[in-house]
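Structure below is data-v4.txt: compact mmCIF, C-alpha atoms.
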```
# COMPACT_ATOMS: atom_id res chain seq x y z
CA MET A 173 -44.60 98.15 238.01
CA THR A 174 -47.60 96.73 236.18
CA ILE A 175 -50.91 95.51 237.53
CA GLU A 176 -53.13 93.12 235.60
CA ILE A 177 -56.91 93.19 235.86
CA ASN A 178 -58.88 90.14 234.84
CA ILE A 179 -62.26 91.19 233.44
CA PHE A 180 -63.72 87.68 233.16
CA ASN A 181 -63.33 87.10 236.90
CA LYS A 182 -65.38 90.20 237.64
CA ALA A 183 -67.81 90.56 234.76
CA GLY A 184 -68.13 87.07 233.24
CA ASN A 185 -67.99 86.13 229.58
CA PHE A 186 -70.46 88.85 228.57
CA ALA A 187 -69.20 92.06 230.13
CA GLU A 188 -72.30 94.22 230.39
CA ASN A 189 -72.58 95.25 234.03
CA LYS A 190 -71.66 98.91 234.14
CA ASP A 191 -71.60 98.91 237.93
CA VAL A 192 -68.82 96.32 237.78
CA ALA A 193 -66.98 98.38 235.16
CA LYS A 194 -67.24 101.48 237.33
CA GLU A 195 -65.98 99.57 240.34
CA ILE A 196 -62.95 98.27 238.40
CA ARG A 197 -62.22 101.76 237.14
CA ILE A 198 -62.47 103.42 240.54
CA THR A 199 -60.85 100.79 242.72
CA GLU A 200 -58.21 99.34 240.41
CA ILE A 201 -57.41 101.24 237.24
CA MET A 202 -57.34 104.79 238.59
CA PRO A 203 -55.40 104.03 241.80
CA ALA A 204 -52.77 102.11 239.81
CA LEU A 205 -52.37 104.91 237.28
CA ASN A 206 -52.25 107.49 240.06
CA LYS A 207 -49.34 105.58 241.57
CA GLY A 208 -47.56 105.69 238.22
CA GLU A 209 -48.09 102.01 237.53
CA ASP A 210 -48.90 100.49 234.14
CA VAL A 211 -52.18 98.64 233.73
CA VAL A 212 -52.91 95.51 231.72
CA ILE A 213 -56.62 94.86 231.24
CA ASN A 214 -57.03 91.18 230.47
CA PHE A 215 -60.11 90.12 228.50
CA ASP A 216 -59.24 86.44 228.33
CA LYS A 217 -62.45 84.30 228.18
CA VAL A 218 -64.62 87.39 227.66
CA ASP A 219 -66.66 86.69 224.52
CA SER A 220 -68.33 90.04 224.26
CA ALA A 221 -69.03 93.32 226.00
CA THR A 222 -71.39 96.21 225.57
CA GLN A 223 -70.21 99.62 224.52
CA SER A 224 -71.75 100.88 227.78
CA PHE A 225 -69.56 98.56 229.82
CA MET A 226 -66.43 99.68 227.99
CA HIS A 227 -67.43 103.31 228.31
CA ALA A 228 -67.90 102.94 232.07
CA LEU A 229 -64.52 101.21 232.28
CA LEU A 230 -62.44 103.60 230.19
CA SER A 231 -64.01 106.94 229.38
CA ASP A 232 -63.34 108.67 232.68
CA VAL A 233 -59.80 107.35 232.77
CA ILE A 234 -59.14 109.04 229.44
CA ARG A 235 -61.05 112.19 230.37
CA THR A 236 -59.29 112.71 233.68
CA GLN A 237 -55.79 111.52 232.77
CA GLY A 238 -55.68 112.66 229.16
CA ILE A 239 -55.32 110.53 226.06
CA ASP A 240 -51.64 109.84 226.75
CA VAL A 241 -52.82 107.54 229.52
CA LEU A 242 -53.09 104.94 226.73
CA ASP A 243 -49.30 104.70 226.87
CA LYS A 244 -49.80 103.20 230.34
CA ILE A 245 -52.64 100.81 229.48
CA ARG A 246 -52.55 97.61 227.44
CA PHE A 247 -55.50 95.45 226.47
CA LYS A 248 -54.70 91.75 226.62
CA SER A 249 -56.34 88.75 224.94
CA CYS A 250 -59.09 90.73 223.27
CA ASN A 251 -61.14 89.02 220.59
CA GLU A 252 -62.32 91.02 217.58
CA ILE A 253 -65.54 92.18 219.22
CA ILE A 254 -63.76 93.44 222.31
CA GLN A 255 -61.09 95.16 220.22
CA LYS A 256 -63.71 96.95 218.17
CA ILE A 257 -65.66 98.14 221.17
CA ILE A 258 -62.49 99.43 222.80
CA ARG A 259 -61.58 101.26 219.59
CA ILE A 260 -65.02 102.85 219.38
CA VAL A 261 -64.82 104.16 222.94
CA ILE A 262 -61.27 105.40 222.57
CA ASP A 263 -62.07 107.08 219.26
CA TYR A 264 -65.03 109.00 220.55
CA MET A 265 -63.25 109.98 223.73
CA GLN A 266 -60.65 111.67 221.53
CA GLN A 267 -63.33 113.67 219.81
CA GLU A 268 -63.86 115.83 222.87
CA ASP A 269 -63.00 119.46 222.51
CA MET B 254 -107.80 102.87 230.24
CA LYS B 255 -109.03 100.50 227.57
CA ILE B 256 -106.93 98.26 225.42
CA HIS B 257 -108.09 95.85 222.75
CA LEU B 258 -105.90 93.00 221.56
CA PRO B 259 -106.49 92.72 217.84
CA ASN B 260 -106.12 89.81 215.49
CA SER B 261 -102.60 90.90 214.65
CA ALA B 262 -100.21 93.52 216.04
CA PHE B 263 -96.59 93.19 215.04
CA LEU B 264 -94.11 95.98 214.46
CA GLY B 265 -95.07 96.34 210.81
CA ASN B 266 -98.75 96.90 211.61
CA ILE B 267 -98.62 98.06 215.22
CA ASP B 268 -99.79 101.62 214.49
CA PRO B 269 -103.58 101.03 214.61
CA PHE B 270 -103.21 99.00 217.80
CA LEU B 271 -101.33 101.82 219.52
CA ARG B 272 -103.81 104.39 218.27
CA SER B 273 -106.70 102.38 219.69
CA PHE B 274 -105.26 102.51 223.21
CA ASP B 275 -107.68 104.57 225.32
CA THR B 276 -105.83 106.36 228.10
CA SER B 277 -108.86 107.89 229.83
CA ASP B 278 -109.51 106.92 233.46
CA ALA B 279 -105.96 105.94 234.41
CA GLU B 280 -107.17 104.18 237.57
CA LYS B 281 -108.94 101.45 235.60
CA LEU B 282 -107.78 98.97 232.98
CA ILE B 283 -110.26 97.22 230.69
CA ILE B 284 -108.82 94.57 228.37
CA THR B 285 -110.76 93.11 225.47
CA ALA B 286 -109.53 90.80 222.74
CA ASN B 287 -110.29 89.48 219.29
CA LYS B 288 -112.56 86.46 219.60
CA ASP B 289 -111.00 84.30 216.88
CA TRP B 290 -107.26 84.66 216.91
CA ILE B 291 -104.79 86.99 218.62
CA SER B 292 -101.21 87.20 217.52
CA VAL B 293 -99.12 90.04 218.91
CA HIS B 294 -95.55 91.22 219.22
CA PRO B 295 -93.85 90.92 222.64
CA MET B 296 -93.86 94.72 222.71
CA VAL B 297 -97.65 94.55 223.06
CA LEU B 298 -97.36 92.10 225.94
CA THR B 299 -94.86 94.27 227.78
CA MET B 300 -97.17 97.23 227.32
CA LEU B 301 -100.13 95.34 228.81
CA ALA B 302 -98.06 93.90 231.66
CA SER B 303 -96.72 97.36 232.48
CA LEU B 304 -100.23 98.77 232.63
CA GLY B 305 -101.21 95.90 234.90
CA ARG B 306 -98.50 96.98 237.34
CA LYS B 307 -99.83 100.53 237.48
CA VAL B 308 -103.47 99.74 238.19
CA LYS B 309 -104.88 98.16 241.35
CA ARG B 310 -105.83 94.55 240.83
CA GLU B 311 -109.52 95.19 241.63
CA ASN B 312 -109.63 97.83 238.88
CA ILE B 313 -108.41 95.49 236.14
CA HIS B 314 -111.22 94.00 234.07
CA CYS B 315 -110.10 91.47 231.53
CA GLU B 316 -112.60 89.95 229.17
CA LYS B 317 -112.45 86.17 229.05
CA PHE B 318 -110.22 85.27 226.10
CA GLU B 319 -111.98 83.08 223.56
CA ALA B 320 -109.44 83.08 220.76
CA LYS B 321 -107.81 79.78 219.89
CA SER B 322 -104.44 81.36 220.60
CA LYS B 323 -105.42 82.29 224.19
CA HIS B 324 -103.04 79.72 225.68
CA TYR B 325 -100.13 81.75 224.39
CA PHE B 326 -100.98 84.61 226.74
CA GLU B 327 -101.13 82.26 229.70
CA ARG B 328 -97.73 80.81 228.78
CA MET B 329 -96.20 84.24 228.36
CA GLY B 330 -97.33 85.07 231.91
CA LEU B 331 -99.68 87.89 231.01
CA PHE B 332 -102.48 86.94 233.41
CA ARG B 333 -100.00 86.33 236.21
CA PHE B 334 -98.70 89.86 235.62
CA LEU B 335 -102.19 91.27 235.68
CA GLY B 336 -102.97 89.30 238.83
CA ILE B 337 -106.04 87.69 237.34
CA GLU B 338 -107.22 84.14 236.96
CA SER B 339 -107.54 83.40 233.25
CA GLY B 340 -109.33 80.09 233.55
CA ILE B 341 -107.01 78.86 230.81
CA SER B 342 -105.32 75.59 231.61
CA ILE B 343 -102.11 74.67 229.87
CA LYS B 344 -99.59 71.94 230.10
CA GLU B 345 -96.59 73.92 231.26
CA HIS B 346 -93.92 72.63 228.98
CA GLU B 347 -90.39 73.78 228.91
CA ALA B 348 -89.84 77.16 227.29
CA ALA B 349 -86.68 76.01 225.54
CA GLY B 350 -86.37 77.21 221.99
CA ARG B 351 -89.48 79.35 221.88
CA PHE B 352 -89.99 82.23 224.25
CA ILE B 353 -88.90 84.24 227.24
CA PRO B 354 -92.04 84.96 229.29
CA LEU B 355 -92.87 88.35 230.71
CA THR B 356 -90.28 89.20 233.33
CA LYS B 357 -89.84 92.21 235.55
CA ILE B 358 -86.22 93.27 235.99
CA GLN B 359 -85.47 95.79 238.68
CA ASN B 360 -81.77 95.84 239.26
CA SER B 361 -78.37 95.02 237.88
CA ASN B 362 -78.14 91.59 239.49
CA GLU B 363 -81.56 90.57 238.19
CA LEU B 364 -80.53 91.69 234.72
CA HIS B 365 -77.30 89.72 234.87
CA SER B 366 -79.19 86.57 235.96
CA PHE B 367 -81.86 87.13 233.33
CA ILE B 368 -79.31 87.39 230.52
CA THR B 369 -77.41 84.35 231.77
CA ASP B 370 -80.56 82.21 232.14
CA MET B 371 -82.03 83.38 228.85
CA ILE B 372 -79.25 81.94 226.69
CA PRO B 373 -79.92 78.23 227.23
CA ILE B 374 -83.69 78.82 226.95
CA LEU B 375 -83.36 80.09 223.42
CA HIS B 376 -81.20 77.21 222.16
CA LEU B 377 -79.45 79.39 219.63
CA GLU B 378 -75.97 79.51 218.20
CA PRO B 379 -73.57 81.90 219.95
CA LYS B 380 -73.56 84.18 216.90
CA GLN B 381 -77.35 84.46 217.11
CA VAL B 382 -77.39 85.05 220.85
CA GLU B 383 -74.92 87.91 220.70
CA PRO B 384 -77.22 90.72 219.49
CA ILE B 385 -80.11 89.52 221.66
CA ARG B 386 -78.24 89.77 224.94
CA TYR B 387 -76.65 93.02 223.79
CA ILE B 388 -80.05 94.59 223.04
CA ILE B 389 -81.66 93.43 226.27
CA SER B 390 -78.73 94.58 228.38
CA GLU B 391 -78.62 98.06 226.85
CA LEU B 392 -82.39 98.60 226.86
CA VAL B 393 -82.90 97.41 230.42
CA ARG B 394 -79.95 99.44 231.71
CA ASN B 395 -81.49 102.49 230.03
CA VAL B 396 -84.59 101.86 232.12
CA PHE B 397 -82.56 101.62 235.34
CA GLU B 398 -80.53 104.72 234.61
CA HIS B 399 -82.97 107.08 232.95
CA SER B 400 -86.60 106.10 233.41
CA GLU B 401 -87.09 106.53 237.17
CA SER B 402 -89.59 103.70 236.78
CA LYS B 403 -90.87 102.25 240.04
CA ASN B 404 -91.69 99.00 238.30
CA GLY B 405 -88.32 98.46 236.63
CA ALA B 406 -88.29 97.09 233.11
CA ILE B 407 -90.78 94.56 231.76
CA VAL B 408 -89.21 92.30 229.17
CA CYS B 409 -90.32 89.41 227.00
CA ALA B 410 -89.25 87.79 223.77
CA GLN B 411 -90.53 85.23 221.33
CA LEU B 412 -88.62 83.17 218.82
CA TYR B 413 -90.61 82.58 215.62
CA LYS B 414 -88.98 79.53 214.14
CA LYS B 415 -90.96 79.67 210.92
CA HIS B 416 -89.64 83.13 210.11
CA ASN B 417 -86.37 82.57 211.97
CA VAL B 418 -86.76 85.81 213.84
CA ILE B 419 -86.66 86.77 217.49
CA ARG B 420 -88.99 89.55 218.58
CA ILE B 421 -88.19 91.48 221.74
CA GLY B 422 -90.19 93.97 223.78
CA VAL B 423 -88.99 96.13 226.68
CA ALA B 424 -91.31 98.56 228.44
CA ASP B 425 -91.22 100.89 231.39
CA THR B 426 -93.67 103.23 233.03
CA GLY B 427 -91.16 105.87 234.00
CA VAL B 428 -90.80 109.54 233.11
CA GLY B 429 -90.38 109.05 229.37
CA ILE B 430 -87.64 110.13 226.98
CA LYS B 431 -88.64 113.79 226.78
CA THR B 432 -88.21 114.36 230.52
CA THR B 433 -84.87 112.54 230.53
CA ILE B 434 -83.44 114.27 227.46
CA ASN B 435 -84.54 117.69 228.70
CA LYS B 436 -82.16 117.37 231.63
CA SER B 437 -79.36 118.18 229.17
CA TYR B 438 -80.89 119.12 225.83
CA ARG B 439 -83.94 121.02 224.76
CA ALA B 440 -86.65 118.89 223.26
CA ASP B 441 -90.03 120.57 222.98
CA THR B 442 -91.85 117.47 221.80
CA ASP B 443 -91.70 113.75 222.43
CA MET B 444 -90.57 113.21 218.83
CA GLU B 445 -87.71 115.69 219.15
CA ALA B 446 -86.68 113.82 222.30
CA ILE B 447 -86.79 110.46 220.50
CA LYS B 448 -84.70 111.90 217.68
CA LEU B 449 -82.07 113.09 220.14
CA ALA B 450 -82.13 109.80 222.05
CA LEU B 451 -81.39 107.90 218.83
CA THR B 452 -78.56 110.23 217.86
CA PRO B 453 -75.11 108.91 218.81
CA GLY B 454 -73.39 110.89 221.54
CA VAL B 455 -76.57 112.40 223.00
CA THR B 456 -77.44 111.46 226.56
CA GLY B 457 -79.85 112.96 229.03
CA THR B 458 -77.14 113.00 231.65
CA THR B 459 -74.86 115.66 230.13
CA ARG B 460 -74.11 117.82 227.11
CA LEU B 461 -70.42 117.02 227.43
CA PRO B 462 -68.99 115.36 224.33
CA GLY B 463 -68.11 111.79 225.30
CA GLY B 464 -70.85 111.75 227.92
CA THR B 465 -70.45 111.18 231.63
CA PRO B 466 -68.22 108.48 233.14
CA GLU B 467 -71.19 106.10 232.93
CA ASN B 468 -73.15 107.29 229.92
CA ALA B 469 -72.10 107.91 226.36
CA GLY B 470 -75.48 108.24 224.69
CA MET B 471 -74.75 105.47 222.21
CA GLY B 472 -76.99 102.64 223.38
CA LEU B 473 -80.13 103.32 221.35
CA PHE B 474 -78.11 104.23 218.26
CA PHE B 475 -76.37 100.84 218.49
CA ILE B 476 -79.69 99.02 218.80
CA LYS B 477 -81.33 100.89 215.93
CA SER B 478 -78.23 100.14 213.87
CA MET B 479 -78.50 96.42 214.63
CA ALA B 480 -82.07 96.42 213.35
CA LYS B 481 -81.13 98.43 210.29
CA ILE B 482 -78.20 96.25 209.30
CA ASN B 483 -80.30 93.13 209.76
CA LYS B 484 -83.09 94.73 207.70
CA ASP B 485 -85.52 94.48 210.59
CA PHE B 486 -88.06 96.69 212.34
CA PHE B 487 -87.29 98.83 215.38
CA VAL B 488 -90.01 100.79 217.19
CA ILE B 489 -89.72 103.27 220.02
CA TYR B 490 -92.79 104.80 221.66
CA SER B 491 -92.70 107.43 224.39
CA GLY B 492 -95.20 110.10 225.37
CA ASN B 493 -97.29 110.88 222.30
CA ALA B 494 -94.62 109.92 219.79
CA MET B 495 -93.81 106.72 217.98
CA TYR B 496 -90.82 106.27 215.67
CA LYS B 497 -90.55 103.18 213.52
CA LEU B 498 -87.46 102.15 211.61
CA LEU B 499 -88.85 100.46 208.52
CA ARG B 500 -87.40 97.33 207.03
CA ILE B 501 -84.90 97.72 204.24
CA PRO B 502 -85.71 95.58 201.17
CA LYS B 503 -84.00 92.20 201.43
CA ASP B 504 -82.25 92.62 198.07
CA LYS B 505 -80.59 95.89 199.04
CA ASN B 506 -76.95 95.18 199.67
CA HIS B 507 -75.46 98.52 200.54
CA ILE B 508 -76.68 99.78 203.91
CA ARG B 509 -75.60 103.11 205.28
CA LEU B 510 -75.91 103.92 208.96
CA ASN B 511 -77.19 107.40 209.71
CA SER B 512 -76.60 109.29 212.91
CA ASN B 513 -79.81 111.21 212.21
CA PRO B 514 -82.68 108.70 212.64
CA PHE B 515 -84.91 110.79 210.38
CA GLU B 516 -82.54 110.05 207.48
CA ASP B 517 -83.30 106.35 207.87
CA ARG B 518 -86.31 104.84 206.13
CA HIS B 519 -88.89 105.34 208.84
CA SER B 520 -92.40 106.33 209.81
CA LYS B 521 -93.24 108.56 212.72
CA ASP B 522 -96.10 110.41 214.31
CA GLU B 523 -96.71 112.30 217.49
CA ASP B 524 -100.42 112.12 217.97
CA TYR B 525 -100.53 108.72 219.63
CA PRO B 526 -102.24 108.11 222.98
CA TYR B 527 -99.91 109.22 225.74
CA TRP B 528 -97.59 106.50 227.04
CA GLU B 529 -96.11 107.47 230.38
CA GLY B 530 -92.69 105.91 229.97
CA THR B 531 -91.00 104.23 227.04
CA ILE B 532 -91.59 101.05 225.07
CA VAL B 533 -89.17 99.53 222.59
CA GLY B 534 -89.88 96.71 220.17
CA ILE B 535 -87.31 95.13 217.92
CA ASP B 536 -87.08 92.16 215.57
CA ILE B 537 -83.82 90.37 214.88
CA SER B 538 -83.78 88.02 211.90
CA LEU B 539 -81.49 85.16 212.75
CA ASP B 540 -80.63 84.14 209.21
CA ARG B 541 -79.64 87.67 208.20
CA ASN B 542 -77.92 88.29 211.48
CA LYS B 543 -74.64 90.04 210.76
CA ARG B 544 -71.74 89.20 213.00
CA ILE B 545 -71.66 91.71 215.81
CA ASP B 546 -68.03 92.58 215.07
CA GLU B 547 -69.02 93.55 211.51
CA LEU B 548 -71.74 95.73 212.92
CA LEU B 549 -69.32 97.34 215.36
CA GLU B 550 -66.94 98.12 212.52
CA MET B 551 -69.74 99.84 210.60
CA ILE B 552 -70.74 101.82 213.67
CA ARG B 553 -67.16 102.83 214.31
CA LYS B 554 -66.80 104.04 210.74
CA VAL B 555 -70.00 106.06 210.77
CA TYR B 556 -69.07 107.63 214.08
CA GLN B 557 -65.55 108.39 212.88
CA LYS B 558 -66.79 109.87 209.63
CA GLU B 559 -69.35 111.92 211.47
CA THR B 560 -66.77 113.48 213.72
CA SER B 561 -63.48 113.37 211.84
CA GLU B 562 -64.61 116.30 209.76
CA ARG B 563 -65.19 118.19 212.98
CA LYS B 564 -61.78 117.45 214.36
CA LYS B 565 -58.73 116.90 212.24
CA LYS B 566 -56.20 115.35 214.54
CA ILE B 567 -54.31 112.09 214.81
CA PHE B 568 -55.94 109.73 217.21
CA LYS B 569 -54.01 107.59 219.61
CA LYS B 570 -54.57 103.87 219.23
CA PRO B 571 -55.13 101.27 221.95
CA ARG B 572 -52.32 98.73 222.31
CA PHE B 573 -53.42 95.13 222.11
CA ILE B 574 -51.05 92.42 223.36
```

Please, can you express the file's structure as structure tokens?
Amino acid sequence: MTIEINIFNKAGNFAENKDVAKEIRITEIMPALNKGEDVVINFDKVDSATQSFMHALLSDVIRTQGIDVLDKIRFKSCNEIIQKIIRIVIDYMQQED
Amino acid sequence: MKIHLPNSAFLGNIDPFLRSFDTSDAEKLIITANKDWISVHPMVLTMLASLGRKVKRENIHCEKFEAKSKHYFERMGLFRFLGIESGISIKEHEAAGRFIPLTKIQNSNELHSFITDMIPILHLEPKQVEPIRYIISELVRNVFEHSESKNGAIVCAQLYKKHNVIRIGVADTGVGIKTTINKSYRADTDMEAIKLALTPGVTGTTRLPGGTPENAGMGLFFIKSMAKINKDFFVIYSGNAMYKLLRIPKDKNHIRLNSNPFEDRHSKDEDYPYWEGTIVGIDISLDRNKRIDELLEMIRKVYQKETSERKKKIFKKPRFI
């Protein structure tokens, strides 16, 4: 089973509110992954985001579930800015010892 | 405390202004100003407004402004912030296209509204707005998360159409960078703390690589990088220390991002009057404004290069659909 999370509906076209990111992570992403479900994070209509937002959304998911959790997550409708911010966060989360 | 508004104080020449700030008698604030003309960076306004929030209204003494440019300070909301009657009358015309007056932001919702409302005021193209909202969001969230400031963040910005540049100031009167950084790292001086705060991957919340679930320690590095790539000034002042990223010559094409801020072209000193909290000033030239995705790519590369030598392993990639 796959759940889809719409970021625009929760964070608007500029995703910068880390509290919202944390809420999505804790109440939607983590429970779905813990149930063995796949997660699609949909960035449709999101023009931009801060690195802090993306960090709050993803870093703890990767830290607690391991990097292979990316096999269970897909990022949908990301423009270039969003893709680059996601890549930055995922890259540095893999630099942990 | 005594503060004198000079003829000119922008990021390039802000040093003498900061040095002239007299911090004695913290219960009082005496403001004087140049009699002919005063032209200052929003960072200066945020500094004054922040001081005004710390001192009781009856202990603020502000000399009557005589300079021809005095109306600017009324428009920017300085006297309102200080709680004093300026005697300056202005025709309040719409702020569109020129400035964002002094604003106190105390929580996440206020920040979100501020960023949303700010965009139409500036009348800029989306590409030009992008770094501005990014910078304000990251700086103000730093205040919420690290400063312990009772007065939140004080923000203002001014668009200088002639130079096609937007100048932004964000100030707080919290604990300062040294106190915050020392929760996780050792910084004996304010300058060491600033250096660590500008280094990617360093946060006051943890020593863990990758940061905490909510903090990565990348925000200030991103902002300094934006200024560097755009060949603009960036100033950070906390405690006794002030670090200034100097402008790169306009004709220099190859720009390298450094994780160590001291490897950038900069000036710094740590014998400034003590600022209890942190102030950041930044200029963003709109005509040289690189696309934010180009900037992100540069940041990603510098971060990768920095760390790939430390860890030789194949990274997993995100899947975009």

| request: Do a neighbour search on region 192-197 of chain A at 7 Å with all atoms listed in the file, toss out local chain neighbours closer than 2 positions, and write the hits as a PyMOL selection string. | output: chain A and resi 183+189-190+199-202+225+228-229

Find the nearest atom pair between each residue of chain A and chain B for residues within 8 Å, count all atoms listed in the file, give distances in Å to one decimal, sort rows by chain and ascending number, and present the table as a tab-separated table.
```
residue	atom	partner	partner_atom	distance
A:Glu188	CA	B:Ser390	CA	6.7
A:Asn189	CA	B:Ser361	CA	7.0
A:Lys190	CA	B:Glu467	CA	7.3
A:Asp191	CA	B:Ser361	CA	7.8
A:Lys194	CA	B:Glu467	CA	7.5
A:Ser220	CA	B:Glu383	CA	7.8
A:Ala221	CA	B:Tyr387	CA	7.9
A:Thr222	CA	B:Tyr387	CA	6.4
A:Gln223	CA	B:Gly472	CA	7.5
A:Ser224	CA	B:Asn468	CA	6.9
A:His227	CA	B:Glu467	CA	6.6
A:Ala228	CA	B:Glu467	CA	4.6
A:Ser231	CA	B:Pro466	CA	5.9
A:Asp232	CA	B:Pro466	CA	4.9
A:Ile239	CA	B:Lys569	CA	7.2
A:Asp240	CA	B:Lys569	CA	7.9
A:Leu242	CA	B:Pro571	CA	6.4
A:Ile245	CA	B:Arg572	CA	7.5
A:Arg246	CA	B:Arg572	CA	5.3
A:Phe247	CA	B:Phe573	CA	4.8
A:Lys248	CA	B:Ile574	CA	4.9
A:Ser249	CA	B:Ile574	CA	6.6
A:Cys250	CA	B:Phe573	CA	7.3
A:Glu252	CA	B:Asp546	CA	6.4
A:Ile253	CA	B:Asp546	CA	4.9
A:Gln255	CA	B:Phe573	CA	7.9
A:Lys256	CA	B:Leu549	CA	6.3
A:Ile257	CA	B:Leu549	CA	6.9
A:Ile258	CA	B:Pro571	CA	7.6
A:Arg259	CA	B:Pro571	CA	6.9
A:Ile260	CA	B:Arg553	CA	5.5
A:Ile262	CA	B:Pro571	CA	7.4
A:Asp263	CA	B:Phe568	CA	7.0
A:Tyr264	CA	B:Gly463	CA	6.3
A:Met265	CA	B:Gly463	CA	5.4
A:Gln266	CA	B:Phe568	CA	6.7
A:Gln267	CA	B:Lys564	CA	6.8
A:Glu268	CA	B:Pro462	CA	5.4
A:Asp269	CA	B:Pro462	CA	7.5
```

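For the atom pair formed by CA of Lys380 (chain B) and CA of Ile213 (chain A), the distance is 24.6 Å, given to one decimal.
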
| query | What's the 6 Å shell around region 300-304 of chain B, counting all atoms listed in the file, without same-chain residues fewer than 3 positions away, as a PyMOL selection string? | reply | chain B and resi 297+307+334

| Separation of CA of Gly457 (chain B) from CA of Glu516 (chain B) in Å | 21.9 Å

| field | Using only C-alpha atoms: which of B:Trp290, B:Ile313, B:Gln381, B:Tyr527 has the shortest distance to Ser277 (chain B) | value | B:Tyr527

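Interatomic distance, CA of Leu271 (chain B) to CA of Tyr525 (chain B): 6.9 Å.
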
| request: Find, counting all atoms listed in the file, the residue in B:Asp524, B:Asp370, B:Asp517, B:Glu401 that gets nearest to Met444 (chain B). | output: B:Asp524

| message | Using only C-alpha atoms - which residues lie no farther than 10 Å from the point (-51.8, 105.1, 236.2) in the file's frame? Write them as number ranges by chain. | response | A: 174-175, 200-211, 233, 237, 241-245

Because some atoms of region 257-261 of chain A are absent here, can you restore all heavy atoms and send them as an mmCIF file, in the coordinates of the input?
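Writing done, so here's result.cif:
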```
data_model
loop_
_atom_site.group_PDB
_atom_site.id
_atom_site.type_symbol
_atom_site.label_atom_id
_atom_site.label_comp_id
_atom_site.auth_asym_id
_atom_site.auth_seq_id
_atom_site.Cartn_x
_atom_site.Cartn_y
_atom_site.Cartn_z
ATOM 1 N N ILE A 257 -64.957 97.288 220.198
ATOM 2 C CA ILE A 257 -65.660 98.140 221.170
ATOM 3 C C ILE A 257 -64.675 99.086 221.861
ATOM 4 O O ILE A 257 -64.962 100.265 222.050
ATOM 5 C CB ILE A 257 -66.448 97.278 222.190
ATOM 6 C CG1 ILE A 257 -67.572 96.524 221.465
ATOM 7 C CG2 ILE A 257 -67.050 98.147 223.296
ATOM 8 C CD1 ILE A 257 -68.316 95.514 222.302
ATOM 9 N N ILE A 258 -63.503 98.564 222.185
ATOM 10 C CA ILE A 258 -62.490 99.430 222.800
ATOM 11 C C ILE A 258 -62.117 100.568 221.837
ATOM 12 O O ILE A 258 -62.021 101.736 222.227
ATOM 13 C CB ILE A 258 -61.227 98.613 223.195
ATOM 14 C CG1 ILE A 258 -61.567 97.674 224.361
ATOM 15 C CG2 ILE A 258 -60.063 99.538 223.564
ATOM 16 C CD1 ILE A 258 -60.474 96.657 224.689
ATOM 17 N N ARG A 259 -61.943 100.227 220.578
ATOM 18 C CA ARG A 259 -61.580 101.260 219.590
ATOM 19 C C ARG A 259 -62.670 102.327 219.482
ATOM 20 O O ARG A 259 -62.375 103.518 219.384
ATOM 21 C CB ARG A 259 -61.356 100.621 218.214
ATOM 22 C CG ARG A 259 -60.031 99.891 218.112
ATOM 23 C CD ARG A 259 -59.641 99.682 216.652
ATOM 24 N NE ARG A 259 -58.357 98.998 216.583
ATOM 25 C CZ ARG A 259 -58.233 97.697 216.335
ATOM 26 N NH1 ARG A 259 -59.295 96.948 216.124
ATOM 27 N NH2 ARG A 259 -57.033 97.155 216.291
ATOM 28 N N ILE A 260 -63.918 101.882 219.483
ATOM 29 C CA ILE A 260 -65.020 102.850 219.380
ATOM 30 C C ILE A 260 -64.969 103.836 220.549
ATOM 31 O O ILE A 260 -65.013 105.049 220.366
ATOM 32 C CB ILE A 260 -66.397 102.124 219.348
ATOM 33 C CG1 ILE A 260 -66.596 101.420 218.002
ATOM 34 C CG2 ILE A 260 -67.545 103.106 219.607
ATOM 35 C CD1 ILE A 260 -67.828 100.507 217.937
ATOM 36 N N VAL A 261 -64.824 103.293 221.754
ATOM 37 C CA VAL A 261 -64.820 104.160 222.940
ATOM 38 C C VAL A 261 -63.623 105.109 222.913
ATOM 39 O O VAL A 261 -63.748 106.317 223.160
ATOM 40 C CB VAL A 261 -64.863 103.318 224.240
ATOM 41 C CG1 VAL A 261 -64.686 104.187 225.477
ATOM 42 C CG2 VAL A 261 -66.187 102.546 224.334
#
```
